[in-house]
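Colleague: So that you have it, the file is upload_24.cif, and it contains mmCIF, C-alpha atoms:
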data_target
#
loop_
_atom_site.label_atom_id
_atom_site.label_comp_id
_atom_site.auth_asym_id
_atom_site.auth_seq_id
_atom_site.Cartn_x
_atom_site.Cartn_y
_atom_site.Cartn_z
CA LEU A 27 22.61 158.52 56.71
CA SER A 28 23.69 154.88 56.57
CA PHE A 29 26.36 155.60 59.18
CA LEU A 30 23.82 157.15 61.55
CA ILE A 31 21.27 154.37 61.09
CA GLY A 32 23.97 151.72 61.32
CA HIS A 33 25.28 153.02 64.65
CA PHE A 34 22.21 154.49 66.37
CA VAL A 35 19.30 152.33 65.19
CA SER A 36 18.99 148.73 66.39
CA PRO A 37 18.56 145.92 63.81
CA GLY A 38 15.06 145.27 65.15
CA VAL A 39 13.92 148.86 64.60
CA PHE A 40 15.68 149.07 61.24
CA GLY A 41 13.97 145.84 60.17
CA GLU A 42 10.55 147.21 61.13
CA TYR A 43 11.30 150.47 59.33
CA THR A 44 12.29 148.50 56.22
CA LEU A 45 9.15 146.36 56.40
CA ILE A 46 6.89 149.43 56.45
CA GLN A 47 8.76 150.85 53.46
CA SER A 48 8.19 147.54 51.64
CA VAL A 49 4.44 147.64 52.30
CA LEU A 50 4.33 151.23 51.03
CA GLY A 51 6.40 150.27 48.01
CA MET A 52 4.09 147.38 47.20
CA LEU A 53 1.19 149.85 46.97
CA THR A 54 3.04 152.38 44.79
CA PHE A 55 0.98 151.32 41.77
CA LEU A 56 -2.00 153.09 43.38
CA SER A 57 -0.31 156.44 42.68
CA LEU A 58 -0.26 155.95 38.88
CA PRO A 59 3.54 155.54 38.46
CA GLY A 60 3.06 154.78 34.77
CA ILE A 61 2.48 158.47 34.11
CA ASP A 62 6.12 159.16 34.99
CA LEU A 63 7.21 156.76 32.22
CA ALA A 64 4.85 158.23 29.63
CA LEU A 65 5.36 161.91 30.53
CA PRO A 66 8.83 162.51 28.95
CA LYS A 67 7.43 161.55 25.55
CA SER A 68 4.51 163.97 25.97
CA ILE A 69 6.79 166.79 27.12
CA ALA A 70 9.22 166.14 24.24
CA GLN A 71 6.24 166.51 21.88
CA GLY A 72 5.37 169.92 23.36
CA PHE A 73 2.51 169.03 25.73
CA GLU A 74 4.04 170.82 28.72
CA GLY A 75 0.72 171.39 30.50
CA SER A 76 0.58 167.64 31.09
CA LEU A 77 2.70 168.08 34.24
CA ASN A 78 -0.15 169.82 36.04
CA LEU A 79 -2.45 166.91 35.21
CA THR A 80 -0.20 164.38 36.92
CA TRP A 81 -0.69 165.44 40.54
CA LYS A 82 -4.47 165.52 40.24
CA LEU A 83 -4.64 161.98 38.91
CA LYS A 84 -2.06 160.66 41.38
CA PHE A 85 -3.78 162.16 44.41
CA LYS A 86 -7.22 160.78 43.57
CA LEU A 87 -5.94 157.25 43.01
CA SER A 88 -3.66 157.33 46.07
CA LEU A 89 -6.70 157.74 48.32
CA PHE A 90 -7.41 154.03 47.78
CA GLY A 91 -4.22 153.30 49.72
CA ILE A 92 -5.71 154.54 53.00
CA PRO A 93 -8.06 151.61 53.73
CA ILE A 94 -5.50 149.07 52.48
CA LEU A 95 -2.79 150.40 54.80
CA LEU A 96 -5.24 150.48 57.70
CA LEU A 97 -5.99 146.79 57.07
CA PHE A 98 -2.25 146.03 57.10
CA SER A 99 -1.96 148.01 60.31
CA LEU A 100 -4.78 146.00 61.88
CA TYR A 101 -3.14 142.73 60.82
CA TYR A 102 0.18 143.57 62.49
CA PHE A 103 -1.66 144.85 65.56
CA PHE A 104 -3.26 141.43 66.00
CA GLN A 105 0.18 139.88 65.44
CA GLN A 106 1.25 141.92 68.50
CA LYS A 107 3.71 143.96 66.44
CA THR A 108 2.58 147.31 67.76
CA ALA A 109 5.37 149.49 66.35
CA ILE A 110 4.77 148.18 62.82
CA ALA A 111 1.02 148.66 63.22
CA LEU A 112 1.44 152.28 64.35
CA GLY A 113 3.95 152.99 61.58
CA LEU A 114 1.50 151.72 58.97
CA GLY A 115 -1.18 153.90 60.55
CA VAL A 116 1.08 156.91 59.98
CA GLY A 117 1.59 155.62 56.44
CA ALA A 118 -2.16 155.61 55.82
CA LEU A 119 -2.25 159.29 56.81
CA PHE A 120 0.54 160.40 54.46
CA PHE A 121 0.16 157.96 51.57
CA PRO A 122 -2.17 160.16 49.45
CA VAL A 123 0.59 162.76 49.03
CA LEU A 124 3.65 160.50 49.17
CA ASN A 125 3.95 160.08 45.40
CA THR A 126 1.54 162.76 44.21
CA PHE A 127 4.18 165.33 43.19
CA THR A 128 6.92 163.01 41.94
CA SER A 129 6.49 163.65 38.19
CA TYR A 130 8.74 166.70 37.98
CA PRO A 131 11.92 164.65 37.17
CA ALA A 132 10.11 163.16 34.16
CA PHE A 133 9.05 166.68 33.13
CA LEU A 134 12.61 168.01 33.42
CA ALA A 135 13.97 164.99 31.53
CA GLY A 136 11.46 165.59 28.74
CA LYS A 137 12.63 169.21 28.49
CA ARG A 138 16.25 168.05 28.75
CA LEU A 139 16.92 170.30 31.73
CA PHE A 140 19.36 167.83 33.24
CA GLY A 141 21.27 170.45 35.22
CA LYS A 142 18.16 171.44 37.15
CA LEU A 143 17.26 167.79 37.60
CA ALA A 144 20.67 167.06 39.14
CA ILE A 145 20.44 170.09 41.45
CA TYR A 146 16.92 169.26 42.64
CA SER A 147 17.86 165.62 43.20
CA SER A 148 20.92 166.62 45.23
CA LEU A 149 18.98 169.09 47.39
CA SER A 150 16.26 166.49 47.98
CA SER A 151 18.88 163.98 49.09
CA LEU A 152 20.48 166.49 51.47
CA PHE A 153 17.11 167.30 53.03
CA PHE A 154 16.35 163.59 53.43
CA LEU A 155 19.75 163.09 55.07
CA ALA A 156 19.26 165.96 57.51
CA CYS A 157 15.73 164.96 58.46
CA VAL A 158 16.04 161.17 58.82
CA GLY A 159 19.61 161.39 60.10
CA THR A 160 18.63 163.70 62.96
CA ILE A 161 15.76 161.42 63.97
CA SER A 162 18.04 158.35 63.80
CA VAL A 163 20.31 159.89 66.40
CA LEU A 164 17.77 161.57 68.68
CA PHE A 165 14.64 159.41 68.38
CA PRO A 166 15.58 155.99 66.96
CA SER A 167 12.13 154.41 67.16
CA THR A 168 10.11 152.85 64.35
CA VAL A 169 7.14 155.22 64.41
CA ILE A 170 9.16 158.46 64.59
CA LEU A 171 11.53 157.22 61.90
CA ILE A 172 8.62 156.56 59.55
CA PHE A 173 7.13 159.97 60.32
CA GLY A 174 10.45 161.61 59.47
CA TYR A 175 10.71 159.50 56.32
CA PHE A 176 7.41 160.92 55.03
CA ILE A 177 8.34 164.52 55.80
CA ALA A 178 11.76 164.06 54.21
CA LEU A 179 10.25 162.75 50.97
CA ILE A 180 7.09 164.83 50.64
CA PHE A 181 8.40 168.35 51.38
CA PRO A 182 11.06 168.51 48.61
CA THR A 183 8.82 166.88 46.00
CA VAL A 184 6.06 169.44 46.63
CA LEU A 185 8.58 172.28 46.49
CA PHE A 186 10.39 171.22 43.32
CA PHE A 187 7.17 170.19 41.58
CA ASN A 188 5.84 173.72 41.96
CA ILE A 189 9.14 175.25 40.85
CA SER A 190 9.26 172.98 37.81
CA LYS A 191 5.67 173.80 36.93
CA GLN A 192 6.70 177.42 36.37
CA LEU A 193 9.04 176.24 33.58
CA ALA A 194 6.17 175.01 31.41
CA GLN A 195 5.99 177.15 28.26
CA ASN A 196 2.44 176.19 27.37
CA SER A 197 -0.64 174.62 28.93
CA LYS A 198 -1.24 172.00 26.24
CA VAL A 199 -2.20 168.57 27.62
CA ASP A 200 -1.56 165.29 25.83
CA THR A 201 -5.02 163.72 25.53
CA HIS A 202 -3.48 160.26 25.16
CA LEU A 203 -1.35 160.54 28.30
CA THR A 204 -3.93 159.38 30.85
CA GLY A 205 -4.93 156.31 28.88
CA TYR A 206 -1.38 155.18 28.24
CA ALA A 207 -0.30 155.99 31.81
CA THR A 208 -3.17 153.87 33.10
CA PHE A 209 -2.09 151.03 30.83
CA LEU A 210 1.53 151.27 32.03
CA THR A 211 0.42 151.45 35.67
CA THR A 212 -1.75 148.36 35.26
CA LEU A 213 1.30 146.56 33.91
CA SER A 214 3.33 147.73 36.92
CA ILE A 215 1.04 146.20 39.55
CA LEU A 216 2.74 142.80 39.58
CA PRO A 217 6.28 144.28 39.36
CA TRP A 218 5.62 146.56 42.34
CA ILE A 219 4.17 143.69 44.36
CA SER A 220 6.91 141.21 43.45
CA GLY A 221 9.58 143.85 44.05
CA ASN A 222 8.55 144.32 47.68
CA ILE A 223 6.77 141.22 48.87
CA GLY A 224 10.02 139.31 49.26
CA SER A 225 10.98 141.52 52.21
CA ILE A 226 7.52 141.13 53.73
CA ILE A 227 7.72 137.33 53.49
CA LEU A 228 11.27 137.37 54.90
CA GLU A 229 10.18 139.36 57.97
CA ARG A 230 7.09 137.19 58.41
CA ASN A 231 9.18 134.00 58.52
CA MET A 232 12.57 135.10 59.84
CA GLY A 233 11.87 138.25 61.87
CA ALA A 234 12.69 141.95 61.63
CA GLU A 235 16.40 141.55 62.46
CA THR A 236 16.92 139.16 59.54
CA LEU A 237 15.17 141.64 57.27
CA ALA A 238 17.55 144.33 58.58
CA ILE A 239 20.55 142.25 57.50
CA PHE A 240 19.10 141.84 54.02
CA ALA A 241 18.30 145.57 53.88
CA VAL A 242 21.94 146.41 54.66
CA ALA A 243 23.16 143.86 52.10
CA SER A 244 20.99 145.39 49.37
CA LYS A 245 21.38 149.01 50.45
CA PHE A 246 24.44 149.86 48.38
CA LEU A 247 23.06 148.01 45.36
CA THR A 248 19.96 150.21 45.61
CA SER A 249 22.12 153.33 46.03
CA VAL A 250 24.15 152.53 42.92
CA GLN A 251 20.92 152.01 40.95
CA LYS A 252 19.43 155.32 42.12
CA ASN A 253 22.57 157.31 41.42
CA PHE A 254 23.06 155.66 38.06
CA GLN A 255 19.46 156.52 37.20
CA VAL A 256 20.28 160.24 37.41
CA PHE A 257 22.95 159.79 34.72
CA TYR A 258 20.59 157.59 32.74
CA LYS A 259 17.95 160.34 32.39
CA PRO A 260 19.59 161.85 29.28
CA VAL A 261 19.36 158.42 27.65
CA THR A 262 15.65 158.32 28.48
CA ALA A 263 15.12 161.66 26.75
CA LYS A 264 16.96 160.48 23.62
CA LEU A 265 14.97 157.24 23.51
CA ALA A 266 11.70 159.15 23.94
CA SER A 267 12.38 161.22 20.82
CA MET A 268 13.87 158.36 18.77
CA ASP A 269 12.19 156.81 15.76
CA PRO A 270 11.23 153.15 16.46
CA ALA A 271 13.24 152.04 13.44
CA ASN A 272 16.45 153.11 15.22
CA PHE A 273 15.89 151.05 18.39
CA ARG A 274 17.37 147.82 17.01
CA LYS A 275 20.37 149.68 15.62
CA THR A 276 20.94 151.32 19.02
CA VAL A 277 21.02 147.94 20.79
CA MET A 278 23.41 146.47 18.22
CA VAL A 279 25.79 149.42 18.45
CA HIS A 280 25.70 150.00 22.20
CA GLY A 281 24.62 146.63 23.68
CA VAL A 282 28.13 145.41 24.50
CA LYS A 283 29.04 148.81 25.96
CA LEU A 284 26.00 148.64 28.24
CA VAL A 285 26.99 145.19 29.52
CA ILE A 286 30.59 146.35 30.10
CA MET A 287 29.21 149.34 32.01
CA GLY A 288 27.16 147.00 34.19
CA LEU A 289 30.20 144.76 34.76
CA SER A 290 32.27 147.77 35.85
CA LEU A 291 29.57 148.77 38.34
CA CYS A 292 29.44 145.19 39.63
CA VAL A 293 33.19 144.85 40.18
CA THR A 294 33.38 148.24 41.89
CA LEU A 295 30.54 147.43 44.29
CA TYR A 296 31.83 143.89 44.97
CA VAL A 297 35.23 145.21 46.03
CA ALA A 298 33.81 148.15 47.98
CA THR A 299 31.04 146.32 49.89
CA PRO A 300 33.18 145.01 52.81
CA PHE A 301 34.67 148.46 53.40
CA LEU A 302 31.33 150.24 53.06
CA ILE A 303 29.46 147.99 55.49
CA ARG A 304 32.29 148.00 58.07
CA PHE A 305 32.45 151.80 57.89
CA PHE A 306 28.75 152.65 57.84
CA PHE A 307 27.36 149.93 60.10
CA SER A 308 28.14 148.42 63.49
CA GLN A 309 29.28 144.83 64.02
CA GLU A 310 25.66 143.69 64.35
CA TYR A 311 25.36 144.07 60.57
CA TYR A 312 28.68 142.54 59.43
CA SER A 313 27.00 139.30 58.35
CA ALA A 314 25.49 141.32 55.49
CA ILE A 315 28.89 141.68 53.75
CA TRP A 316 28.82 138.36 51.89
CA TYR A 317 25.18 138.82 50.90
CA GLY A 318 25.95 142.31 49.60
CA GLN A 319 28.83 141.06 47.46
CA ILE A 320 26.64 138.39 45.85
CA LEU A 321 23.91 140.97 45.18
CA SER A 322 26.42 143.16 43.31
CA LEU A 323 26.14 140.64 40.45
CA ALA A 324 22.68 142.08 39.78
CA LEU A 325 24.32 145.20 38.31
CA ILE A 326 25.78 143.49 35.24
CA PRO A 327 22.57 143.40 33.14
CA LEU A 328 21.11 146.59 34.64
CA PRO A 329 22.03 149.24 31.98
CA LEU A 330 20.96 146.97 29.10
CA THR A 331 17.71 146.09 30.88
CA TRP A 332 16.78 149.74 31.41
CA VAL A 333 17.46 150.66 27.78
CA VAL A 334 15.49 147.80 26.20
CA SER A 335 12.62 148.17 28.68
CA ASP A 336 12.29 151.89 27.91
CA MET A 337 12.43 151.13 24.20
CA LEU A 338 9.49 148.79 24.60
CA VAL A 339 7.56 151.48 26.49
CA PHE A 340 8.25 154.19 23.89
CA GLN A 341 7.30 151.89 21.01
CA LYS A 342 3.91 151.51 22.72
CA GLN A 343 3.70 147.81 21.91
CA LYS A 344 0.97 146.80 24.32
CA LEU A 345 0.92 143.00 23.92
CA PRO A 346 4.69 142.55 24.54
CA GLN A 347 4.48 144.85 27.57
CA ILE A 348 1.59 142.84 28.98
CA PHE A 349 3.58 139.64 28.56
CA THR A 350 6.83 140.98 30.09
CA SER A 351 4.98 142.56 33.02
CA THR A 352 2.97 139.50 34.04
CA LEU A 353 4.51 136.08 33.45
CA PRO A 354 8.02 136.72 34.91
CA HIS A 355 6.55 138.37 38.00
CA LEU A 356 3.98 135.64 38.59
CA ILE A 357 6.85 133.13 38.52
CA LYS A 358 8.85 135.35 40.87
CA LEU A 359 5.96 135.60 43.35
CA PHE A 360 5.54 131.82 43.32
CA LEU A 361 9.27 131.31 43.97
CA PHE A 362 9.22 133.82 46.84
CA LEU A 363 6.41 131.96 48.56
CA LEU A 364 8.08 128.61 47.96
CA VAL A 365 11.74 129.39 48.69
CA ILE A 366 12.03 132.20 51.27
CA PRO A 367 10.32 130.36 54.17
CA HIS A 368 12.91 127.57 53.84
CA PHE A 369 16.09 129.35 52.74
CA GLY A 370 15.66 132.89 54.08
CA ILE A 371 18.05 135.54 52.76
CA VAL A 372 19.93 133.14 50.49
CA GLY A 373 16.73 132.09 48.76
CA LEU A 374 15.65 135.71 48.31
CA ILE A 375 19.00 136.69 46.78
CA VAL A 376 19.05 133.75 44.36
CA ILE A 377 15.57 134.62 43.09
CA ILE A 378 16.56 138.30 42.66
CA LEU A 379 19.63 137.34 40.59
CA ILE A 380 17.69 134.93 38.40
CA ASP A 381 15.10 137.63 37.79
CA ARG A 382 17.70 140.28 36.95
CA TYR A 383 19.48 138.15 34.35
CA PHE A 384 16.31 137.03 32.61
CA GLU A 385 14.70 140.49 32.74
CA PRO A 386 16.14 141.88 29.47
CA VAL A 387 15.53 138.68 27.48
CA LEU A 388 11.84 139.14 26.68
CA PRO A 389 12.07 142.87 25.81
CA LEU A 390 14.98 142.10 23.47
CA TYR A 391 13.01 139.34 21.79
CA PHE A 392 9.98 141.54 21.19
CA LEU A 393 12.07 144.51 20.03
CA TYR A 394 13.93 142.44 17.47
CA LYS A 395 10.74 140.72 16.34
CA HIS A 396 8.96 144.07 15.93
CA SER A 397 11.82 145.79 14.09
CA GLY A 398 12.27 142.71 11.89
CA ASN A 399 8.69 143.05 10.73
CA LYS A 400 9.18 146.68 9.68
#
I need this file expressed as structure tokens, please.
Modeller:
Amino acid sequence: LSFLIGHFVSPGVFGEYTLIQSVLGMLTFLSLPGIDLALPKSIAQGFEGSLNLTWKLKFKLSLFGIPILLLFSLYYFFQQKTAIALGLGVGALFFPVLNTFTSYPAFLAGKRLFGKLAIYSSLSSLFFLACVGTISVLFPSTVILIFGYFIALIFPTVLFFNISKQLAQNSKVDTHLTGYATFLTTLSILPWISGNIGSIILERNMGAETLAIFAVASKFLTSVQKNFQVFYKPVTAKLASMDPANFRKTVMVHGVKLVIMGLSLCVTLYVATPFLIRFFFSQEYYSAIWYGQILSLALIPLPLTWVVSDMLVFQKQKLPQIFTSTLPHLIKLFLFLLVIPHFGIVGLIVIILIDRYFEPVLPLYFLYKHSGNK
């Protein structure tokens, strides 16, 4: 897919496509993503009917995204960015079902059906490749690309959600799931905003083509994270069923291994980035090579961060989660607004790296403090 986009889609169109994805990503919290974090624990405890609850809650809340996306569309229309405005209009149409059926991986992880999870993820990726790849070659325009993006994501999630639902062995629903999922989603509002607004600010100040360069630079970092997440799912299941007293011991035993794993991922991506970008993208994108290599440094703390963050979630310590989900992201938002307009891509990358390396610090502090009080 990267090869097709890199050779058939212009940087301007790719930048607009990326911007629309960033706006959609910023509003992900409206689809109750916290329920996907809480669901494996509920499934591991035998509440398998909870899966059917997820889509109903997600759909109702996602309806609030329609007027917000229409306002964004109107804003870009008055900025005379017609393609972006139309793409966001399409987004308003599909947003209520974009993330509605995305809880089945959490369900499968909770049941430890990792083989099915891997198969469904692979088939979803192939469908996405076929759909968006065909459009990239035949109709490389912003609006049609976004339309294909929605079809490519929604169809497989609906299909595999319904297949997974048949695997539920009972209809018991965890009565605490909705409340805790709402709490986790509330905590995710700032992370979702701060995770996407950098791209929006970059396009606003530097243009769509500059955003396209950053998107290419970060593309393989994102790919590594997504692929690594599939292998990380078994860890999630083990953490979900683990006694809180064992969390500190797990970090002490495996902490160094997790950092070494992140370092290995970093070195591999750093070396591979020049070859990957030159192969998958045309010369218009070659300036992204250096940026991509610097971004590979973000992989070093990644495995440790995921483990300690999930531990904090499964311990259900609300005050530490509130703290770690607000203060760092408020600082990050402030830095984005201050730095990106003056330093562009370099400023955005520096802030991302600072955030990544400080991200596991607070969860580690609270985990050790909590376990020390036991």
Colleague: Using all atoms listed in the file, pick whichever of A:Tyr175, A:Phe34, A:Phe153, A:Phe360 has the shortest atom-to-atom distance to A:Ile46.
Modeller: A:Tyr175
Colleague: What's around stretch 363-375 of chain A at 7 Å? Count only C-alpha atoms, leave out sequence neighbours fewer than 3 positions away in its own chain, and write the answer as a count of residues only.
Modeller: 10
Colleague: If the PyMOL selection byres ((chain A and resi 306-310) around 7) is run on the structure shown, which residues does it catch, given as a ChimeraX atom specification?
Modeller: /A:28-29,32-33,302-305,311-312
Colleague: Evaluating the PyMOL selection byres ((chain A and resi 159-165) around 6) on the displayed file yields which residues, as a list in words?
Modeller: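 For this structure, the PyMOL selection byres ((chain A and resi 159-165) around 6) captures Leu27, Ile31, Phe34, Leu155, Ala156, Cys157, Val158, Pro166 and Ser167 of chain A.
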Colleague: Run the PyMOL selection byres ((chain A and resi 143-151) around 12) against the file shown and list the residues it catches, as a ChimeraX atom specification.
Modeller: /A:27,128-142,152-159,175,177-190,249,252-260
Colleague: Atom CA of A:Val293 and atom CA of A:Ile239 are how many Å apart?
Modeller: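 Pair atom CA of A:Val293 / atom CA of A:Ile239 returns 21.6 Å.
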Colleague: Can you tell me, as a list in words, what residues are no more than 7 Å from A:Pro122 when counting all atoms listed in the file, ignoring any on the same chain fewer than 2 positions away?
Modeller: Phe85, Ser88, Leu89, Phe120, Leu124 and Thr126 of chain A
Colleague: Could you take the residues named above and write them with C-alpha atoms, as a PDB file, in the coordinates of the input?
Modeller:
ATOM      1  CA  PHE A  85      -3.780 162.160  44.410  1.00  0.00           C
ATOM      2  CA  SER A  88      -3.660 157.330  46.070  1.00  0.00           C
ATOM      3  CA  LEU A  89      -6.700 157.740  48.320  1.00  0.00           C
ATOM      4  CA  PHE A 120       0.540 160.400  54.460  1.00  0.00           C
ATOM      5  CA  LEU A 124       3.650 160.500  49.170  1.00  0.00           C
ATOM      6  CA  THR A 126       1.540 162.760  44.210  1.00  0.00           C
TER       7      THR A 126
END
Colleague: Please list as a list in words every residue within 7 Å of A:Ala70, counting all atoms listed in the file and excluding residues in the same chain fewer than 2 positions away.
Modeller: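 Within the cut-off, the hits are Pro66, Lys67, Ser68, Gly72, Gly136, Lys137 and Ser267 of chain A.
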Colleague: For those residues, write C-alpha atoms to a file as a CSV table (one decimal), in the frame of the given file.
Modeller:
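Writing the result to part-v5.csv gives the following:
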chain,number,residue,atom,x,y,z
A,66,PRO,CA,8.8,162.5,29.0
A,67,LYS,CA,7.4,161.6,25.6
A,68,SER,CA,4.5,164.0,26.0
A,72,GLY,CA,5.4,169.9,23.4
A,136,GLY,CA,11.5,165.6,28.7
A,137,LYS,CA,12.6,169.2,28.5
A,267,SER,CA,12.4,161.2,20.8
Colleague: Let me make sure I understand: among A:Val242, A:Leu289, A:Leu345, A:Val334, which one has the smallest atom-to-atom distance to A:Gly41 if we use only C-alpha atoms?
Modeller: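 So, comparing all the options, the nearest one is A:Val242.
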Colleague: Provide the atom CA of A:Val35 to atom CA of A:Thr168 distance in Å, to one decimal place.
Modeller: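 Taking atom CA of A:Val35 as the start and atom CA of A:Thr168 as the end point, the length is 9.2 Å.
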Colleague: For atom CA of A:Leu119 and atom CA of A:Lys82, determine how far apart the two atoms are, in Å to one decimal place.
Modeller: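 The value is 17.8 Å.
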Colleague: Please identify all polymer residues within 9 Å of A:Leu210, counting all atoms listed in the file, omitting same-chain residues fewer than 3 positions from it, and present them as an NGL selection string.
Modeller: :A and (58-61 or 63-64 or 205-207 or 213-214 or 339 or 344 or 347-348)
Colleague: Please produce a file of those selected residues containing C-alpha atoms, as a short mmCIF file (atom, residue, chain, number, x, y, z; two decimals), in the frame of the given file.
Modeller:
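Written out: part.cif:
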data_model
loop_
_atom_site.label_atom_id
_atom_site.label_comp_id
_atom_site.auth_asym_id
_atom_site.auth_seq_id
_atom_site.Cartn_x
_atom_site.Cartn_y
_atom_site.Cartn_z
CA LEU A 58 -0.26 155.95 38.88
CA PRO A 59 3.54 155.54 38.46
CA GLY A 60 3.06 154.78 34.77
CA ILE A 61 2.48 158.47 34.11
CA LEU A 63 7.21 156.76 32.22
CA ALA A 64 4.85 158.23 29.63
CA GLY A 205 -4.93 156.31 28.88
CA TYR A 206 -1.38 155.18 28.24
CA ALA A 207 -0.30 155.99 31.81
CA LEU A 213 1.30 146.56 33.91
CA SER A 214 3.33 147.73 36.92
CA VAL A 339 7.56 151.48 26.49
CA LYS A 344 0.97 146.80 24.32
CA GLN A 347 4.48 144.85 27.57
CA ILE A 348 1.59 142.84 28.98
#
Colleague: Give the answer as one residue: which of A:Phe121, A:Phe173, A:Asp336, A:Leu65 has the shortest atom-to-atom distance to A:Thr204, using all atoms listed in the file?
Modeller: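 The shortest atom-to-atom distance to A:Thr204 comes from A:Leu65.
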Colleague: Using only C-alpha atoms, pick whichever of A:Met337, A:Leu79, A:Val49, A:Cys292 has the shortest atom-to-atom distance to A:Lys191.
Modeller: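 Looking at the shortest contact to A:Lys191, the residue is A:Leu79.
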Colleague: Please list as a PyMOL selection string every residue within 9 Å of A:Thr331, counting all atoms listed in the file and excluding residues in the same chain fewer than 6 positions away.
Modeller: chain A and resi 382-383+385-387+389-390
Colleague: Find the residue from A:Phe209, A:Leu77, A:Leu338, A:Glu229 that sits nearest to A:Gly38; use all atoms listed in the file when measuring.
Modeller: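 Closest to A:Gly38 of all the choices is A:Glu229.
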Colleague: Which centre and which edge lengths, in Å to one decimal, describe the axis-aligned box that holds all listed atoms of stretch 204-222 of chain A after 4 Å is added on each side, as JSON?
Modeller:
{"center_x": 2.3, "center_y": 150.3, "center_z": 38.0, "size_x": 22.5, "size_y": 26.2, "size_z": 27.4}
